[in-house]
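Asks: Contents are compact mmCIF, C-alpha atoms; file name work.txt:
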```txt
# COMPACT_ATOMS: atom_id res chain seq x y z
CA MET A 204 6.47 12.73 15.23
CA LEU A 205 5.70 10.97 11.94
CA SER A 206 2.04 9.99 11.79
CA LYS A 207 1.21 6.85 9.79
CA PHE A 208 -2.12 5.87 8.29
CA SER A 209 -3.44 3.12 6.07
CA ILE A 210 -5.33 4.53 3.12
CA TRP A 211 -8.62 3.15 4.46
CA ASP A 212 -8.06 4.93 7.78
CA PHE A 213 -7.13 8.26 6.22
CA LYS A 214 -10.54 9.84 5.79
CA PRO A 215 -12.70 12.55 7.33
CA ASN A 216 -14.45 11.53 10.50
CA LYS A 217 -16.77 14.19 11.83
CA ASN A 218 -17.48 12.38 15.07
CA GLN A 219 -14.03 11.26 16.13
CA GLY A 220 -11.87 13.95 14.52
CA GLN A 221 -9.66 11.13 13.28
CA ASN A 222 -7.49 13.30 11.06
CA ASN A 223 -6.85 16.06 13.55
CA LEU A 224 -3.48 16.74 11.91
CA ILE A 225 -5.34 18.43 9.05
CA ASN A 226 -7.31 21.11 10.83
CA ASN A 227 -7.41 24.87 11.09
CA GLU A 228 -4.26 24.93 13.23
CA THR A 229 -2.20 22.81 10.82
CA LEU A 230 -0.54 25.13 8.30
CA ILE A 231 2.03 22.92 6.56
CA ILE A 232 1.53 19.23 5.82
CA ASN A 233 4.22 16.95 4.41
CA LEU A 234 2.33 14.03 2.93
CA LEU A 235 4.21 10.87 1.85
CA VAL A 236 2.29 8.51 -0.47
CA GLU A 237 4.65 6.00 -2.11
CA ASP A 238 1.88 4.19 -3.98
CA LEU A 239 1.47 6.54 -6.95
CA PHE A 240 -1.84 4.99 -7.94
CA MET A 241 -3.31 5.80 -4.53
CA GLN A 242 -2.32 9.46 -4.64
CA LYS A 243 -5.50 10.31 -6.53
CA PHE A 244 -7.65 8.99 -3.69
CA ILE A 245 -5.47 10.58 -1.03
CA LEU A 246 -5.82 14.01 -2.65
CA GLU A 247 -9.58 13.51 -2.70
CA GLU A 248 -9.50 12.67 1.01
CA VAL A 249 -7.36 15.75 1.72
CA ASN A 250 -9.83 17.96 -0.12
CA ASP A 251 -12.71 16.42 1.84
CA ILE A 252 -10.89 16.98 5.13
CA LEU A 253 -10.13 20.59 4.20
CA LYS A 254 -13.79 21.19 3.38
CA LEU A 255 -14.75 19.90 6.82
CA ASN A 256 -12.23 22.03 8.67
CA ILE A 257 -12.15 25.26 6.70
CA LYS A 258 -15.43 27.06 7.22
CA THR A 259 -15.05 30.03 4.87
CA LEU A 260 -16.53 29.83 1.38
CA GLU A 261 -13.64 31.93 0.09
CA THR A 262 -11.12 29.11 0.48
CA GLU A 263 -9.23 28.50 -2.76
CA ILE A 264 -7.30 25.25 -3.38
CA THR A 265 -4.54 25.47 -5.99
CA SER A 266 -2.61 22.42 -7.18
CA ARG A 267 0.92 22.84 -8.55
CA ASN A 268 3.78 20.57 -9.56
CA ALA A 269 7.08 20.92 -7.70
CA LYS A 270 8.81 21.87 -10.97
CA GLU A 271 6.51 24.88 -11.26
CA CYS A 272 7.54 26.12 -7.82
CA SER A 273 10.89 27.81 -8.31
CA LEU A 274 12.86 29.27 -5.44
CA GLN A 275 11.67 32.68 -6.62
CA TRP A 276 8.05 31.49 -6.41
CA PHE A 277 8.62 30.34 -2.83
CA GLN A 278 10.23 33.63 -1.88
CA GLN A 279 7.52 35.76 -3.46
CA GLU A 280 4.55 33.75 -2.30
CA LEU A 281 5.58 32.63 1.17
CA LEU A 282 7.34 35.80 2.25
CA THR A 283 4.51 38.15 1.28
CA PRO A 284 2.13 38.22 4.29
CA THR A 285 -0.74 39.93 2.48
CA LEU A 286 -1.17 36.97 0.15
CA TRP A 287 -2.14 34.72 3.06
CA ASP A 288 -5.22 36.69 4.04
CA ASN A 289 -7.49 34.87 1.57
CA ASN A 290 -7.30 31.38 3.09
CA GLN A 291 -5.27 30.09 0.15
CA VAL A 292 -4.44 26.38 0.06
CA TYR A 293 -1.55 25.14 -2.08
CA VAL A 294 -1.14 21.44 -2.91
CA ILE A 295 2.33 20.87 -4.36
CA GLN A 296 2.88 17.47 -5.99
CA ALA A 297 6.12 15.54 -6.69
CA CYS A 298 7.97 17.33 -3.88
CA GLU A 299 10.67 14.63 -3.90
CA GLU A 300 12.11 16.72 -6.76
CA PHE A 301 12.80 19.70 -4.48
CA ASN A 302 16.46 20.68 -4.57
CA LYS A 303 18.57 21.70 -1.58
CA ASP A 304 17.96 25.41 -2.13
CA LYS A 305 14.21 25.02 -1.71
CA ILE A 306 14.54 22.82 1.36
CA ASN A 307 17.10 25.19 2.91
CA PHE A 308 14.72 28.08 2.22
CA LEU A 309 11.92 26.32 4.10
CA ILE A 310 14.22 25.48 7.01
CA LYS A 311 15.64 29.01 7.17
CA ASN A 312 12.13 30.50 7.32
CA LYS A 313 10.79 27.85 9.70
CA THR A 314 9.52 30.31 12.31
CA PHE A 315 7.60 32.40 9.80
CA LEU A 316 6.18 29.42 7.92
CA ASN A 317 4.76 27.86 11.07
CA ASN A 318 2.67 30.99 11.62
CA ILE A 319 1.33 31.78 8.16
CA ASN A 320 -2.40 32.15 7.57
CA CYS A 321 -2.70 29.51 4.84
CA LYS A 322 -2.24 25.84 4.13
CA LEU A 323 0.68 24.35 2.23
CA ILE A 324 0.39 20.63 1.47
CA MET A 325 3.54 19.08 0.02
CA LEU A 326 2.99 15.66 -1.55
CA PHE A 327 5.93 13.22 -1.74
CA SER A 328 6.00 9.87 -3.58
CA LYS A 329 9.39 8.83 -2.14
CA GLU A 330 10.80 9.00 1.38
CA VAL A 331 13.79 11.04 0.23
CA GLY A 332 16.05 13.41 2.14
CA ALA A 333 13.74 16.37 1.53
CA PHE A 334 10.82 14.71 3.34
CA GLN A 335 13.07 13.49 6.15
CA GLN A 336 14.60 16.95 6.63
CA LEU A 337 11.24 18.69 6.86
CA HIS A 338 10.10 16.11 9.39
CA LYS A 339 13.33 16.37 11.39
CA GLU A 340 13.13 20.17 11.49
CA SER A 341 9.46 20.01 12.61
CA ILE A 342 8.30 22.09 9.67
CA GLY A 343 4.59 21.37 9.62
CA SER A 344 3.06 17.96 10.25
CA SER A 345 4.47 14.88 8.51
CA ILE A 346 2.10 12.09 7.47
CA LYS A 347 2.91 8.79 5.76
CA ILE A 348 0.27 6.73 3.96
CA GLU A 349 1.52 3.18 4.22
CA THR A 350 1.44 0.81 1.24
CA PRO A 351 -0.87 -2.15 1.94
CA ARG A 352 0.88 -5.29 3.19
CA PHE A 353 0.19 -8.68 1.61
CA TYR A 354 -2.43 -9.60 4.19
CA GLU A 355 -4.21 -6.23 4.01
CA PHE A 356 -5.47 -6.32 0.44
CA LYS A 357 -8.92 -7.44 1.55
CA LYS A 358 -9.14 -4.11 3.39
CA LEU A 359 -7.95 -2.30 0.27
CA LEU A 360 -10.67 -4.08 -1.70
CA THR A 361 -13.30 -2.94 0.79
CA TYR A 362 -11.96 0.63 0.61
CA LEU A 363 -12.04 0.74 -3.20
CA ILE A 364 -15.49 -0.87 -3.36
CA ASN A 365 -16.81 1.90 -1.11
CA LYS A 366 -15.01 4.61 -3.08
CA LEU A 367 -16.41 3.32 -6.38
CA ASP A 368 -19.84 2.64 -4.88
CA ILE A 369 -19.93 -1.01 -5.98
CA LYS A 370 -22.66 -2.86 -4.09
CA ASN A 371 -23.17 -6.10 -6.01
CA LEU A 372 -20.21 -8.23 -4.83
CA SER A 373 -21.06 -11.10 -2.51
CA GLU A 374 -18.56 -12.23 0.13
CA GLU A 375 -17.76 -15.21 -2.07
CA ALA A 376 -17.02 -12.88 -4.99
CA LYS A 377 -14.78 -10.69 -2.83
CA ASN A 378 -12.77 -13.70 -1.65
CA TYR A 379 -12.44 -14.93 -5.23
CA PHE A 380 -11.31 -11.46 -6.35
CA CYS A 381 -8.51 -11.47 -3.76
CA GLU A 382 -7.42 -14.94 -4.83
CA VAL A 383 -7.10 -14.28 -8.56
CA ILE A 384 -6.21 -10.59 -8.92
CA LYS A 385 -2.61 -9.54 -8.57
CA PRO A 386 -2.22 -7.65 -5.25
CA THR A 387 -1.50 -4.15 -6.51
CA SER A 388 -3.67 -1.06 -6.18
CA CYS A 389 -3.58 -0.62 -9.97
CA ASP A 390 -4.85 -4.14 -10.72
CA TYR A 391 -7.51 -3.89 -8.02
CA TYR A 392 -8.77 -0.53 -9.25
CA THR A 393 -8.81 -1.36 -12.99
CA ASN A 394 -10.65 -4.63 -12.41
CA LEU A 395 -13.19 -3.00 -10.11
CA MET A 396 -13.81 -0.29 -12.71
CA GLN A 397 -14.33 -3.07 -15.26
CA ILE A 398 -16.84 -4.74 -12.93
CA LYS A 399 -18.71 -1.49 -12.33
CA ILE A 400 -18.94 -0.54 -16.01
CA LEU A 401 -19.99 -4.01 -17.21
CA SER A 402 -22.45 -4.42 -14.34
CA GLN A 403 -24.17 -1.19 -15.36
CA SER A 404 -24.16 -1.99 -19.07
CA GLN A 405 -25.52 -5.49 -18.44
CA LYS A 406 -28.06 -4.11 -15.95
CA CYS A 407 -26.91 -6.37 -13.13
CA ALA A 408 -25.54 -3.68 -10.81
CA SER A 409 -28.18 -4.51 -8.20
CA GLU A 410 -27.76 -8.30 -8.40
CA LYS A 411 -25.30 -9.98 -6.06
CA LEU A 412 -22.46 -11.59 -8.00
CA ASP A 413 -20.98 -14.91 -6.95
CA ALA A 414 -17.50 -16.11 -7.96
CA VAL A 415 -18.75 -17.51 -11.30
CA GLY A 416 -20.56 -14.31 -12.20
CA LEU A 417 -17.58 -12.21 -11.19
CA GLN A 418 -15.19 -14.24 -13.32
CA LYS A 419 -17.08 -13.21 -16.45
CA LEU A 420 -16.55 -9.51 -15.68
CA LEU A 421 -12.85 -9.52 -14.83
CA LEU A 422 -10.13 -8.31 -17.17
CA PRO A 423 -7.93 -10.97 -18.86
CA GLU A 424 -6.06 -12.34 -15.88
CA THR A 425 -2.57 -11.41 -14.83
CA ASN A 426 -1.29 -14.41 -12.91
CA HIS A 427 0.51 -13.97 -9.62
CA LEU A 428 1.77 -16.09 -6.78
CA ASP A 429 -0.65 -16.25 -3.88
CA PHE A 430 1.92 -16.01 -1.07
CA PHE A 431 -0.47 -16.82 1.74
CA LYS A 432 -2.10 -19.74 -0.01
CA LEU A 433 1.31 -21.29 -0.72
CA ALA A 434 2.55 -20.51 2.80
CA LYS A 435 -0.51 -22.21 4.29
CA ILE A 436 0.08 -25.37 2.22
CA PHE A 437 3.78 -25.47 3.07
CA SER A 438 3.22 -24.77 6.76
CA LYS A 439 0.93 -27.79 6.94
CA LYS A 440 3.77 -29.85 5.41
CA ASN A 441 1.74 -30.74 2.35
CA TYR A 442 4.89 -30.65 0.24
CA LYS A 443 3.58 -32.42 -2.85
CA GLU A 444 0.61 -30.05 -3.06
CA PHE A 445 2.88 -27.08 -2.40
CA PHE A 446 5.31 -27.94 -5.16
CA ALA A 447 2.55 -28.82 -7.63
CA THR A 448 0.80 -25.50 -6.95
CA LEU A 449 4.03 -23.52 -7.24
CA ILE A 450 5.04 -25.17 -10.51
CA THR A 451 1.54 -24.78 -11.95
CA ASN A 452 1.44 -21.07 -11.11
CA MET A 453 4.91 -20.46 -12.51
CA ASN A 454 4.40 -22.42 -15.74
CA SER A 455 0.73 -21.82 -16.55
CA ASN A 456 1.46 -18.45 -18.13
CA SER A 457 5.02 -17.57 -17.23
CA LYS A 458 5.18 -14.41 -19.33
CA ASN A 459 2.52 -12.86 -17.08
CA ILE A 460 4.29 -13.77 -13.84
CA ASP A 461 6.34 -10.94 -12.37
CA SER A 462 10.05 -11.58 -12.88
CA ASN A 463 10.62 -10.94 -9.18
CA ALA A 464 7.59 -12.91 -7.94
CA LEU A 465 9.53 -16.05 -7.03
CA LEU A 466 12.31 -14.02 -5.41
CA SER A 467 9.79 -12.06 -3.32
CA PHE A 468 8.04 -15.27 -2.34
CA ALA A 469 11.31 -16.91 -1.23
CA ILE A 470 12.10 -13.92 1.00
CA PHE A 471 8.53 -13.87 2.32
CA MET A 472 8.72 -17.58 3.21
CA GLN A 473 11.99 -17.15 5.10
CA ASN A 474 10.40 -14.43 7.24
CA HIS A 475 7.31 -16.61 7.60
CA LEU A 476 9.36 -19.57 8.84
CA LEU A 477 11.28 -17.41 11.30
CA LYS A 478 7.96 -16.33 12.81
CA ILE A 479 6.93 -19.98 13.11
CA SER A 480 10.22 -20.85 14.83
CA ASP A 481 9.82 -17.99 17.31
CA PRO A 482 6.21 -16.81 17.71
CA SER A 483 7.03 -14.84 20.88
CA TYR A 484 6.26 -11.58 19.03
CA LEU A 485 2.58 -12.52 19.32
CA LYS A 486 2.68 -11.87 23.08
CA HIS A 487 3.18 -8.16 22.40
CA LYS A 488 0.10 -7.84 20.19
CA THR A 489 -3.20 -6.86 21.77
CA LYS A 490 -5.20 -8.54 19.02
CA LEU A 491 -4.20 -11.36 16.70
CA ASN A 492 -5.30 -11.27 13.07
CA ARG A 493 -5.92 -14.45 11.08
CA TYR A 494 -2.31 -14.64 9.95
CA ASP A 495 -1.04 -14.34 13.54
CA GLN A 496 -3.43 -17.09 14.65
CA ALA A 497 -2.14 -19.31 11.85
CA ILE A 498 1.48 -18.69 12.91
CA SER A 499 0.59 -19.71 16.46
CA SER A 500 -0.97 -22.93 15.17
CA TYR A 501 1.87 -23.80 12.78
CA SER A 502 4.56 -23.26 15.43
CA LYS A 503 3.27 -26.27 17.38
CA ASN A 504 4.04 -28.63 14.51
CA TRP A 505 7.58 -27.56 13.55
CA ASN A 506 10.91 -28.34 15.24
CA ASN A 507 14.23 -26.54 14.82
CA VAL A 508 15.70 -29.12 12.44
CA GLU A 509 12.72 -28.82 10.08
CA ILE A 510 12.83 -25.04 10.22
CA LYS A 511 16.54 -24.97 9.30
CA ARG A 512 16.01 -27.32 6.36
CA ALA A 513 13.08 -25.24 5.10
CA LEU A 514 15.07 -22.01 5.47
CA ARG A 515 17.92 -23.50 3.42
CA PHE A 516 15.38 -24.55 0.78
CA PHE A 517 13.99 -21.03 0.34
CA ALA A 518 17.44 -19.44 0.60
CA THR A 519 18.45 -21.63 -2.35
CA ILE A 520 15.44 -20.38 -4.32
CA GLU A 521 16.38 -16.79 -3.51
CA ILE A 522 20.02 -17.16 -4.56
CA SER A 523 19.21 -19.16 -7.71
CA ASN A 524 16.60 -16.61 -8.72
CA LYS A 525 19.01 -13.70 -8.26
CA PHE A 526 21.52 -15.44 -10.54
CA LYS A 527 18.81 -16.28 -13.12
CA ASP A 528 19.42 -20.04 -12.86
CA PRO A 529 17.91 -21.53 -16.09
CA ILE A 530 17.23 -24.90 -14.43
CA LEU A 531 15.82 -23.43 -11.22
CA MET A 532 12.45 -25.18 -11.42
CA HIS A 533 14.08 -28.57 -12.03
CA SER A 534 16.45 -27.96 -9.12
CA LEU A 535 13.53 -27.18 -6.85
CA ALA A 536 11.96 -30.55 -7.58
CA LEU A 537 15.12 -32.32 -6.44
CA LYS A 538 15.77 -30.11 -3.41
CA LEU A 539 12.20 -30.58 -2.23
CA LEU A 540 12.95 -34.24 -1.60
CA ILE A 541 15.15 -33.13 1.31
CA LEU A 542 12.06 -31.85 3.08
CA LYS A 543 10.15 -35.13 2.90
```
Give the structure from this file in structure tokens form.

Replies:
Amino acid sequence: MLSKFSIWDFKPNKNQGQNNLINNETLIINLLVEDLFMQKFILEEVNDILKLNIKTLETEITSRNAKECSLQWFQQELLTPTLWDNNQVYVIQACEEFNKDKINFLIKNKTFLNNINCKLIMLFSKEVGAFQQLHKESIGSSIKIETPRFYEFKKLLTYLINKLDIKNLSEEAKNYFCEVIKPTSCDYYTNLMQIKILSQSQKCASEKLDAVGLQKLLLPETNHLDFFKLAKIFSKKNYKEFFATLITNMNSNSKNIDSNALLSFAIFMQNHLLKISDPSYLKHKTKLNRYDQAISSYSKNWNNVEIKRALRFFATIEISNKFKDPILMHSLALKLLILK
């Protein structure tokens, strides 16, 4: 079974034993972290978990790159029982680069490997065939750290604030941060580091920052489309405001807007509209988040004809964007009239 965690859930928990997959009985761990920027934090969490679960002071953790681990290295290290008597822990990074020979070696020696007296943690940044094969063959425990979804970046912010020990952001400042910073782990981390460093240098680390104070500490802004803000405006049928906001965001500093931002937004909105047209999926959820509650509310104000027109509108954006239509923004202004 493939175990999945969000990065904020993947942490040692002495009371609940939350990460029981990484314990004294777990010998091989296949760890998939597709967000390369988050791998640093994940490795820190793994080390913390190992410290909790491995009692001996003689435990030695060695980090290696997959390219350093030749087939000969695997054969010599893993097939020599005496080397496993010292509670050795190997963390091998970039395991997506493993070739077939190495994977076949692990599969061939499956029985032996599942009984060795050591820990072997193989870190993958892509869900490639190697990771899938190890999971399928039940070689060790397979864990996937999921990339944050659009609506989960507030949780990522809370996680990073705790990791960096930043205590001077008010709730207003946090909300503002999520509104203006591009939703990537890299942008979140670099801006938070900027806030921490400047707060300390300006001796305001203990003072609560509001949105205005925070704005002065942020890095020069990288504009992005706020999918949920735009979706909220559109779902309320405030078309003029929607189009004005979209055009403003796209034209205010177009060189800083991701080339695929509009395409991603068009796809997001089509999925969003389909949820509004059929919110039955909500019945299967034990607890509704704010986005789910909004979908339930929007669904009461849309009929099938309106949904179809809106879907065609965003499908047109998607297709035009893929073909790099030079007059796309002008076309959108005209096509929006259909929705009024």

Asks: What does the distance between atom CA of Lys439 of chain A and atom CA of Ile470 of chain A come to in Å, to one decimal place?

Replies: 18.8 Å

Asks: Excluding same-chain residues fewer than 2 positions from Tyr392 of chain A, what lies within 10 Å of it counting all atoms listed in the file, as a VMD selection string?

Replies: chain A and resid 240 to 241 359 to 360 363 to 364 367 387 to 390 394 to 398

Asks: Just want the 6 Å neighbourhood of segment 498-511 of chain A, counted on all atoms listed in the file, with same-chain residues fewer than 3 positions away dropped. Output as a PDB file with C-alpha atoms, keeping the file's coordinate frame.

Replies:
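Now in selection_0.pdb:
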```
ATOM      1  CA  ILE A 479       6.930 -19.980  13.110  1.00  0.00           C
ATOM      2  CA  ASP A 495      -1.040 -14.340  13.540  1.00  0.00           C
ATOM      3  CA  LEU A 514      15.070 -22.010   5.470  1.00  0.00           C
TER       4      LEU A 514
END
```

Asks: So which one's closest to Tyr379 of chain A, A:Phe468, A:Phe353, A:Gly416, A:Thr448? Using all atoms listed in the file, please.

Replies: A:Gly416

Asks: To one decimal place in Å, what is the distance between atom CA of Arg515 of chain A and atom CA of Tyr484 of chain A?

Replies: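 Value for the atom CA of Arg515 of chain A-atom CA of Tyr484 of chain A distance: 22.8 Å.
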
Asks: Given the choices A:Leu421, A:Ala513, A:Ala297, A:Val331, which gets closest to Ser480 of chain A if the distance is worked out from only C-alpha atoms?

Replies: A:Ala513
